[in-house]
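Chemist: Have a peek at run-v1.txt (compact mmCIF, C-alpha atoms).
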# COMPACT_ATOMS: atom_id res chain seq x y z
CA MET T 245 12.69 8.52 48.89
CA VAL T 246 12.71 9.93 45.37
CA SER T 247 9.71 12.06 44.52
CA ASP T 248 7.52 11.11 41.56
CA THR T 249 8.17 14.48 39.93
CA GLN T 250 11.73 13.49 39.17
CA PHE T 251 10.66 10.48 37.12
CA PRO T 252 7.31 11.35 35.52
CA SER T 253 5.15 8.48 34.35
CA ARG T 254 5.27 7.63 30.67
CA PRO T 255 2.51 8.97 28.37
CA ALA T 256 -0.49 6.72 27.91
CA ARG T 257 0.09 6.41 24.15
CA VAL T 258 2.65 7.06 21.43
CA SER T 259 2.05 9.86 18.95
CA VAL T 260 0.53 8.70 15.66
CA LEU T 261 2.03 11.69 13.82
CA ALA T 262 5.54 10.84 15.04
CA ARG T 263 5.09 7.36 13.57
CA PHE T 264 3.10 8.08 10.42
CA ALA T 265 5.57 10.20 8.44
CA PRO T 266 8.56 7.85 8.95
CA ALA T 267 6.43 4.72 8.42
CA LEU T 268 5.07 6.14 5.17
CA SER T 269 8.59 7.13 4.08
CA TYR T 270 9.58 3.44 4.40
CA ALA T 271 6.31 2.04 3.01
CA LEU T 272 6.49 4.02 -0.24
CA PRO T 273 9.86 2.54 -1.35
CA ALA T 274 8.52 -0.92 -0.45
CA LEU T 275 5.55 -0.25 -2.74
CA GLY T 276 7.82 1.03 -5.50
CA ALA T 277 10.07 -2.01 -5.16
CA ALA T 278 7.10 -4.37 -5.50
CA ILE T 279 5.87 -2.60 -8.64
CA SER T 280 9.36 -2.46 -10.14
CA ALA T 281 9.85 -6.17 -9.38
CA LEU T 282 6.66 -6.98 -11.29
CA LYS T 283 7.87 -4.90 -14.23
CA LEU T 284 11.28 -6.58 -14.04
CA ILE T 285 9.64 -10.00 -14.31
CA ASN T 286 7.81 -8.77 -17.43
CA VAL T 287 11.13 -7.58 -18.89
CA PHE T 288 12.68 -10.94 -18.11
CA ARG T 289 9.80 -12.81 -19.73
CA GLY T 290 10.11 -10.60 -22.78
CA MET T 291 13.80 -11.49 -23.03
CA ARG T 292 13.00 -15.20 -22.93
CA ASN T 293 10.22 -14.93 -25.50
CA ALA T 294 12.37 -12.83 -27.84
CA GLU T 295 15.80 -14.41 -27.57
CA THR T 296 17.19 -11.93 -30.09
CA ALA T 297 16.21 -8.91 -27.98
CA GLY T 298 19.04 -6.40 -28.17
CA ILE T 299 20.75 -4.48 -25.40
CA ALA T 300 18.82 -1.34 -26.32
CA ALA T 301 15.44 -3.03 -25.81
CA VAL T 302 16.50 -4.63 -22.54
CA SER T 303 18.03 -1.38 -21.23
CA ALA T 304 14.85 0.52 -22.08
CA GLY T 305 12.72 -2.13 -20.35
CA MET T 306 14.85 -2.13 -17.21
CA ARG T 307 14.90 1.65 -17.09
CA GLU T 308 11.11 1.70 -17.32
CA ALA T 309 10.94 -0.94 -14.58
CA ASN T 310 13.18 1.26 -12.43
CA PHE T 311 10.83 4.24 -12.62
CA PRO T 312 8.44 3.28 -9.75
CA ILE T 313 11.24 2.58 -7.25
CA VAL T 314 13.09 5.80 -8.11
CA VAL T 315 9.96 7.94 -7.74
CA THR T 316 8.88 6.33 -4.46
CA LEU T 317 12.41 6.60 -3.04
CA TYR T 318 12.41 10.34 -3.71
CA LEU T 319 9.01 10.63 -2.05
CA GLY T 320 10.29 8.53 0.84
CA VAL T 321 13.26 10.86 1.31
CA ILE T 322 10.94 13.88 1.41
CA LEU T 323 8.66 12.25 3.99
CA GLY T 324 11.73 11.12 5.92
CA PHE T 325 12.85 14.73 6.25
CA ALA T 326 9.34 15.59 7.44
CA GLY T 327 9.66 12.87 10.08
CA ILE T 328 13.00 14.30 11.21
CA ILE T 329 11.48 17.78 11.53
CA ILE T 330 8.62 16.35 13.59
CA GLY T 331 11.15 14.57 15.79
CA LEU T 332 13.13 17.79 16.28
CA VAL T 333 10.02 19.74 17.23
CA ARG T 334 8.93 17.05 19.71
CA MET T 335 12.43 16.96 21.17
CA PHE T 336 12.27 20.60 22.26
CA THR T 337 8.60 20.85 23.19
CA THR T 338 6.40 19.36 25.87
CA THR T 339 3.96 16.82 24.47
CA THR T 340 1.12 14.78 25.91
CA THR T 341 1.98 11.73 23.79
CA GLY T 342 5.09 9.58 23.77
CA THR T 343 7.74 9.18 21.09
CA PRO T 344 8.40 5.84 19.34
CA SER T 345 11.60 4.20 20.47
CA THR T 346 14.79 3.69 18.47
CA TRP T 347 13.82 0.05 17.99
CA TYR T 348 10.55 1.03 16.32
CA PHE T 349 12.28 3.12 13.68
CA LEU T 350 15.02 0.52 13.18
CA ILE T 351 12.51 -2.30 12.64
CA ALA T 352 10.29 -0.12 10.43
CA GLY T 353 13.28 0.94 8.34
CA ILE T 354 14.42 -2.66 7.84
CA VAL T 355 10.91 -3.75 6.86
CA GLY T 356 10.72 -0.95 4.28
CA LEU T 357 14.24 -1.30 2.89
CA LEU T 358 14.32 -5.09 2.63
CA PRO T 359 12.29 -5.18 -0.63
CA VAL T 360 14.44 -2.33 -1.99
CA LEU T 361 17.62 -4.31 -1.36
CA ALA T 362 16.14 -7.53 -2.80
CA LEU T 363 15.15 -5.68 -5.97
CA TRP T 364 18.65 -4.20 -6.25
CA GLU T 365 20.17 -7.67 -6.08
CA ALA T 366 17.74 -9.01 -8.71
CA GLN T 367 18.55 -6.14 -11.05
CA SER T 368 22.29 -6.57 -10.46
CA LEU T 369 22.12 -10.24 -11.42
CA LEU T 370 20.17 -9.45 -14.58
CA VAL T 371 22.52 -6.63 -15.53
CA GLY T 372 25.47 -8.98 -15.02
CA VAL T 373 24.03 -11.53 -17.44
CA ILE T 374 23.23 -8.96 -20.12
CA PHE T 375 26.35 -6.85 -19.95
CA GLY T 376 29.17 -9.14 -18.94
CA ARG T 377 28.72 -12.56 -17.38
CA PRO T 378 29.21 -15.65 -19.52
CA ALA T 379 26.10 -17.43 -20.77
CA ALA T 380 27.03 -20.63 -18.91
CA GLY T 381 25.46 -19.41 -15.68
CA ALA T 382 22.42 -17.79 -17.31
CA VAL T 383 19.97 -20.52 -16.26
CA GLU T 384 20.96 -20.33 -12.60
CA VAL T 385 20.90 -16.54 -12.66
CA ALA T 386 17.45 -16.62 -14.29
CA ARG T 387 16.17 -18.70 -11.39
CA GLN T 388 17.71 -16.34 -8.84
CA VAL T 389 16.27 -13.26 -10.55
CA SER T 390 12.79 -14.80 -10.56
CA LEU T 391 13.03 -15.81 -6.89
CA LEU T 392 14.34 -12.40 -5.81
CA SER T 393 11.65 -10.59 -7.80
CA MET T 394 8.92 -12.71 -6.23
CA ALA T 395 10.46 -12.21 -2.78
CA THR T 396 10.51 -8.46 -3.41
CA MET T 397 6.82 -8.38 -4.27
CA ILE T 398 5.87 -10.50 -1.25
CA ALA T 399 8.10 -8.57 1.16
CA GLY T 400 6.89 -5.26 -0.29
CA THR T 401 3.21 -6.17 0.06
CA PHE T 402 3.52 -7.41 3.63
CA GLY T 403 5.91 -4.58 4.50
CA ILE T 404 3.40 -1.94 3.46
CA LEU T 405 0.67 -3.53 5.57
CA ILE T 406 2.95 -3.90 8.59
CA LEU T 407 4.17 -0.31 8.39
CA LEU T 408 0.74 1.26 7.94
CA VAL T 409 -0.75 -0.80 10.77
CA SER T 410 2.20 -0.06 13.08
CA ALA T 411 1.69 3.66 12.50
CA SER T 412 -1.89 3.61 13.74
CA VAL T 413 -2.29 0.93 16.42
CA PRO T 414 -1.21 1.35 20.06
CA LEU T 415 2.40 0.28 20.61
CA PRO T 416 3.60 -1.94 23.46
CA ARG T 417 5.45 -0.22 26.27
CA ILE T 418 8.77 -1.66 25.12
CA LEU T 419 8.55 0.55 22.01
CA TYR T 420 8.16 3.78 24.01
CA ALA T 421 11.24 6.02 23.84
CA LYS T 422 13.11 6.63 27.08
CA ARG T 423 15.26 9.42 25.64
CA LYS T 424 13.96 11.95 23.15
CA TRP T 425 17.24 12.27 21.23
CA ALA T 426 17.78 8.54 20.54
CA PRO T 427 14.85 8.10 18.09
CA LEU T 428 16.01 11.20 16.21
CA VAL T 429 19.44 9.64 15.72
CA MET T 430 17.85 6.50 14.25
CA LEU T 431 15.64 8.62 12.00
CA LEU T 432 18.80 10.27 10.65
CA VAL T 433 20.43 6.86 10.09
CA MET T 434 17.40 5.55 8.20
CA GLU T 435 17.18 8.76 6.18
CA THR T 436 20.82 8.34 5.19
CA ALA T 437 20.04 4.80 4.01
CA LEU T 438 17.07 6.09 1.97
CA VAL T 439 19.19 8.81 0.36
CA ALA T 440 21.94 6.28 -0.44
CA MET T 441 19.50 3.90 -2.15
CA THR T 442 17.91 6.79 -4.04
CA VAL T 443 21.31 7.83 -5.39
CA LEU T 444 22.19 4.25 -6.35
CA TYR T 445 18.92 3.62 -8.19
CA HIS T 446 19.12 7.00 -9.89
CA LEU T 447 22.66 6.26 -11.09
CA ARG T 448 21.57 2.86 -12.37
CA SER T 449 18.73 4.44 -14.34
CA ALA T 450 21.17 6.96 -15.82
CA TRP T 451 23.59 4.14 -16.70
CA LEU T 452 20.80 2.16 -18.40
CA TRP T 453 19.90 5.26 -20.39
CA VAL T 454 23.51 5.58 -21.57
CA GLN T 455 23.49 1.91 -22.63
CA PHE T 456 20.26 2.49 -24.53
CA GLN T 457 21.73 5.47 -26.36
CA ARG T 458 24.89 3.57 -27.29
CA SER T 459 23.01 0.54 -28.66
Can you give me the file's structure in the form of structure tokens?
Modeler:
Amino acid sequence: MVSDTQFPSRPARVSVLARFAPALSYALPALGAAISALKLINVFRGMRNAETAGIAAVSAGMREANFPIVVTLYLGVILGFAGIIIGLVRMFTTTTTGTPSTWYFLIAGIVGLLPVLALWEAQSLLVGVIFGRPAAGAVEVARQVSLLSMATMIAGTFGILILLVSASVPLPRILYAKRKWAPLVMLLVMETALVAMTVLYHLRSAWLWVQFQRS
């Protein structure tokens, strides 16, 4: 028979600290995306009310709408690094609480990044209409931008609630990590995704600033 010491029983609960920093790093971009989506809708409404609005005015409005998502993405990256450090420390130390599984961080990351991706698509459609696409498809694009912006705000709101609750309530056994290194790998993958989106949004803001200066 195999002794119990070789396969110790799992901890009674999963560490809140190990969940909180990563969950907050995904919740903040979701919040920023929701706020930016609301601002984007206001920019879009302004364009429709003032049909003669120039590229400079639209670029300035979109750049202002981009500010919340850029700031929260940077904060998310910082908290993501904090989560990685916590994961590293827990990996090499003995703890009385369990570590969230790879699936927990994957699901949490998707919940947080979904509004960010929806906002990116909405902005891309709007940028296409303003700076290149023919006016023939403007009505259809307008509908898509509105739907994506609303979806971003809804997904962002619910995403924040889901992430904050998941960081504090007891997790089911299926979300307990079996290997300490696997969750750390997923944390690194999600951090890479956060950094990539931060760079993309930052570059878009810089590009909008260039368009504003040229107009």
Chemist: Taking all atoms listed in the file into account, produce a table as JSON lines in which each residue of stretch 308-386 of chain T with an atom at most 9 Å from an atom of stretch 401-409 of chain T appears once, together with its shortest atom pair and the distance in Å to one decimal, ordered by chain and rising number.
Modeler:
{"residue": "T:Ala352", "atom": "CA", "partner": "T:Leu407", "partner_atom": "CA", "distance": 6.5}
{"residue": "T:Val355", "atom": "CA", "partner": "T:Gly403", "partner_atom": "CA", "distance": 5.6}
{"residue": "T:Gly356", "atom": "CA", "partner": "T:Gly403", "partner_atom": "CA", "distance": 6.0}
{"residue": "T:Leu358", "atom": "CA", "partner": "T:Gly403", "partner_atom": "CA", "distance": 8.6}
{"residue": "T:Pro359", "atom": "CA", "partner": "T:Gly403", "partner_atom": "CA", "distance": 8.2}
Chemist: Quick one: residues within 12 Å of T:Gly327, all atoms listed in the file counted, chain neighbours fewer than 5 positions away excluded, as a list in words?
Modeler: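 That gives Val260, Leu261, Ala262, Arg263, Phe264, Ala265, Pro266, Ala267, Leu268, Ser269, Tyr270, Gly320, Val321, Ile322, Leu332, Val333, Arg334, Thr343, Pro344, Phe349, Pro427, Leu428, Val429, Met430, Leu431, Leu432, Met434 and Glu435 of chain T.
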Chemist: Which neighbours of T:Pro273 fall inside 7 Å, counting all atoms listed in the file, when residues of the same chain fewer than 4 positions from it are skipped, and could you give them as a PDB file with C-alpha atoms, in the frame of the given file?
Modeler:
ATOM      1  CA  ALA T 277      10.070  -2.010  -5.160  1.00  0.00           C
ATOM      2  CA  ILE T 313      11.240   2.580  -7.250  1.00  0.00           C
ATOM      3  CA  THR T 316       8.880   6.330  -4.460  1.00  0.00           C
ATOM      4  CA  LEU T 317      12.410   6.600  -3.040  1.00  0.00           C
ATOM      5  CA  GLY T 320      10.290   8.530   0.840  1.00  0.00           C
ATOM      6  CA  GLY T 356      10.720  -0.950   4.280  1.00  0.00           C
ATOM      7  CA  VAL T 360      14.440  -2.330  -1.990  1.00  0.00           C
TER       8      VAL T 360
END
Chemist: Just give me the gap between atom CA of T:Leu370 and atom CA of T:Val315 in Å, one decimal is fine.
Modeler: 21.3 Å
Chemist: As an exercise, work out the distance from atom CA of T:Tyr348 to atom CA of T:Ala366 in Å and give it to one decimal place.
Modeler: 27.9 Å
Chemist: If we count all atoms listed in the file, what is near T:Gln388 at a cut-off of 12 Å, once residues fewer than 2 positions away on the same chain are taken out, given as a CSV table (one decimal) with C-alpha atoms, keeping the file's coordinate frame?
Modeler:
chain,number,residue,atom,x,y,z
T,285,ILE,CA,9.6,-10.0,-14.3
T,288,PHE,CA,12.7,-10.9,-18.1
T,362,ALA,CA,16.1,-7.5,-2.8
T,363,LEU,CA,15.2,-5.7,-6.0
T,365,GLU,CA,20.2,-7.7,-6.1
T,366,ALA,CA,17.7,-9.0,-8.7
T,367,GLN,CA,18.6,-6.1,-11.0
T,368,SER,CA,22.3,-6.6,-10.5
T,369,LEU,CA,22.1,-10.2,-11.4
T,370,LEU,CA,20.2,-9.4,-14.6
T,373,VAL,CA,24.0,-11.5,-17.4
T,381,GLY,CA,25.5,-19.4,-15.7
T,382,ALA,CA,22.4,-17.8,-17.3
T,383,VAL,CA,20.0,-20.5,-16.3
T,384,GLU,CA,21.0,-20.3,-12.6
T,385,VAL,CA,20.9,-16.5,-12.7
T,386,ALA,CA,17.4,-16.6,-14.3
T,390,SER,CA,12.8,-14.8,-10.6
T,391,LEU,CA,13.0,-15.8,-6.9
T,392,LEU,CA,14.3,-12.4,-5.8
T,393,SER,CA,11.6,-10.6,-7.8
T,394,MET,CA,8.9,-12.7,-6.2
T,395,ALA,CA,10.5,-12.2,-2.8
T,396,THR,CA,10.5,-8.5,-3.4
Chemist: What is the atom CA of T:Ile418 to atom CA of T:Gly400 distance in Å?
Modeler: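 Answer for the atom CA of T:Ile418 to atom CA of T:Gly400 separation: 25.7 Å.
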Chemist: Nearest to T:Val389: which of T:Ser449, T:Asn286, T:Ser303, T:Thr339 is it, counting all atoms listed in the file?
Modeler: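 For T:Val389, the nearest of the given residues is T:Asn286.
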Chemist: Here is a test: counting all atoms listed in the file, which residue of T:Phe336, T:Phe325, T:Tyr318, T:Phe311 is nearest to T:Lys424?
Modeler: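 Under the stated criterion, the closest residue is T:Phe336.
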Chemist: Using all atoms listed in the file, which residue out of T:Leu415, T:Leu350, T:Ala426, T:Ala304 lies closest to T:Ala450?
Modeler: T:Ala304
